[in-house]
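Read through the structure below, which is laid out as structure tokens, and then see the notes.
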There are 2 protein chains.
Amino acid sequence: MRISCMRTANIRPATSQRKLLLSVIREAKGLLDAKELYRRASERDASISLATVYRNLRFFKEQELINERHFGHTRSCCYEMKRSGEHYHLVCRGCGHVIEFGSPLIHRLVAEIRRKNDFAVTRVELCLEGYCHDCKKEEKPSSKVA
Amino acid sequence: MRISCMRTANIRPATSQRKLLLSVIREAKGLLDAKELYRRASERDASISLATVYRNLRFFKEQELINERHFGHTRSCCYEMKRSGEHYHLVCRGCGHVIEFGSPLIHRLVAEIRRKNDFAVTRVELCLEGYCHDCKKEEKPSSKVA
DNA sequence: GTTGGTGCAAATAGTTTGCATGTGC
DNA sequence: GCACATGCAAACTATTTGCACCAAC
């Protein structure tokens with residue numbers, strides 16, 4: 001039995017494409033979908049293929065290097081580097097902006113569910129939709145156009 | 001300005017397909033995806049088309065008659081009748097079972113976000129993944145196969 | 001040198017749309 | 001009768017896969 005790679009993720013064959021993709025994801029502020037990742041990676045290595053992007057996204061997910069998120073209104077998944085502090089997302093229906101947030105209440109919620117439902121939670125997907133500060137102003141006072 | 005259909009959803013042209021689809025969704029215990037809805041509707045009206053299913057799902061969504069949910073691990077969306085009590089979902093990674101739950105903590109969470117981020121929440125998507133009571137037993141005692 | 005990653009193109013899955021026809025009100 | 005829903009097939013988007021070739025270790 002291999003005992004390597006238990007805690008630290010290994011980028012086993014560290015191909016140039018793999019390293020490139022990881023740094024694009026790392027350097028991104030926030031979330032990226034496959035197409036956008038492909039676009040940004042292509043700027044640095046024009047020969048990279050979309051299939052490689054998808055294959056590596058799956059690989060990074062398996063290695064638990066990245067998080068995959070899906071927002072109800074889009075068809076594609078979004079990805080971001082896994083970080084220490086857990087956080088969730090607010091998506092503005094006005095400007096499309098994604099705001100990160102965290103709250104200790106979520107911990108309590110998960111603990112409650114664990115207890116009440118006897119359920120071992122491994123992953124929390126929480127996404128709120130609505131209108132951010134700026135977009136609220138435009139939506140509210142006028143007639144109900146939305 | 002039309003003042004109809006403000007509160008009560010209207011199934012405007014109440015075509016037989018539209019009525020059929022709505023009753024299939026209503027009679028379903030839990031969530032359905034488009035294909036499953038199509039399959040069940042086809043049993044009662046073999047000539048119904050998948051395009052009609054999708055068009056009506058969009059229509060019902062606009063009328064706010066149904067909720068659309070998306071779980072990270074599947075590619076398609078799931079739908080269910082909108083009901084009075086808000087509820088969210090636990091998805092078991094072992095058996096695939098979906099458990100509904102609700103918690104007053106979610107209300108508090110939304111209120112907190114509204115206040116802290118000055119964000120008008122219109123929709124909450126919350127889905128927890130993990131292992132249910134039965135599947136936990138098989139996963140836990142043995143070696144970490146997962 | 002072997003294992004496994006890559007590019008390409010084709011395949012697949014889920015969903016949407018154009019168009020001619022049919023149906024509810 | 002008119003507006004709009006439907007069925008069909010084709011289009012489209014996101015993602016996956018088979019295959020020949022290439023790179024990392």
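Each chain in the structure tokens gets a letter, A, B and so on, in the order shown; residues start at 1 in every chain, and ligands are counted from 1 in the order they appear.
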- request: Counting only C-alpha atoms (C1' of nucleotides), collect the residues of chain B whose closest atom lies at most 12 Å from chain C, and write them out as a VMD selection string.
  value: chain B and resid 11 to 18 33 to 35 50 to 55 57 to 58 74 to 77
- request: Step one, run DSSP on the backbone; step two, keep only residues of stretch 5-121 of chain A assigned to strand (DSSP E); then write them as a list in words.
  value: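 The residues of stretch 5-121 of chain A classed as strand (DSSP E) are Leu32, Asp33, Ile66, Asn67, Glu68, Arg69, Cys78, Tyr79, Glu80, Met81, Tyr88, His89, Leu90, Val91, Cys92, Val98, Ile99, Glu100, Phe101, Ala120 and Val121 of chain A.
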message: Please find the residues of chain D near chain B - the criterion being any atom within 12 Å, counting only C-alpha atoms (C1' of nucleotides) - and write them as a ChimeraX atom specification.
response: /D:3-9,14-15
Store the residues picked out above in a file with C-alpha atoms (C1' of nucleotides), as an mmCIF file, in the first residue's frame.
```
data_model
loop_
_atom_site.group_PDB
_atom_site.id
_atom_site.type_symbol
_atom_site.label_atom_id
_atom_site.label_comp_id
_atom_site.auth_asym_id
_atom_site.auth_seq_id
_atom_site.Cartn_x
_atom_site.Cartn_y
_atom_site.Cartn_z
ATOM 1 C "C1'" DA D 3 -52.367 33.905 -29.854
ATOM 2 C "C1'" DC D 4 -49.758 30.824 -28.262
ATOM 3 C "C1'" DA D 5 -48.527 25.744 -27.264
ATOM 4 C "C1'" DT D 6 -46.983 21.542 -29.473
ATOM 5 C "C1'" DG D 7 -44.125 17.932 -32.099
ATOM 6 C "C1'" DC D 8 -40.352 17.152 -34.713
ATOM 7 C "C1'" DA D 9 -35.804 17.541 -35.969
ATOM 8 C "C1'" DA D 14 -21.048 21.552 -21.724
ATOM 9 C "C1'" DT D 15 -18.472 17.665 -21.070
#
```
Close residues, stretch 83-96 of chain A itself excluded, 7 Å, only C-alpha atoms (C1' of nucleotides), min 4 positions apart in chain, as a PyMOL selection string: chain A and resi 100-102+126-132+135
Limited to C-alpha atoms, could you put the picked residues into a file as a short mmCIF file (atom, residue, chain, number, x, y, z; two decimals), in the first residue's frame?
```
data_model
loop_
_atom_site.label_atom_id
_atom_site.label_comp_id
_atom_site.auth_asym_id
_atom_site.auth_seq_id
_atom_site.Cartn_x
_atom_site.Cartn_y
_atom_site.Cartn_z
CA GLU A 100 -18.03 35.42 -0.70
CA PHE A 101 -19.25 35.09 2.82
CA GLY A 102 -18.84 32.89 5.83
CA LEU A 126 -24.75 26.97 -0.07
CA CYS A 127 -25.54 29.70 -2.52
CA LEU A 128 -27.85 32.65 -2.06
CA GLU A 129 -29.28 34.60 -4.92
CA GLY A 130 -30.59 38.11 -4.74
CA TYR A 131 -29.60 41.73 -5.25
CA CYS A 132 -26.48 43.37 -3.97
CA CYS A 135 -28.54 46.60 -7.71
#
```
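The protein and nucleic acid residues lying at most 9 Å from B:Leu32 are Ile25, Ala28, Glu36, Leu37, Cys77, Cys78, Tyr79 and Glu80 of chain B, with only C-alpha atoms (C1' of nucleotides) considered and sequence neighbours fewer than 4 positions away removed.
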- request: Work out how far apart atom CA of B:His133 and atom CA of B:Arg69 are and give it in Å to one decimal.
  value: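 These two atoms are separated by 23.4 Å.
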- line: Min atom-atom distance to chain A from the set B:Asp45, B:Glu125, B:Glu27, B:Glu112, counting only C-alpha atoms, belongs to B:Glu125
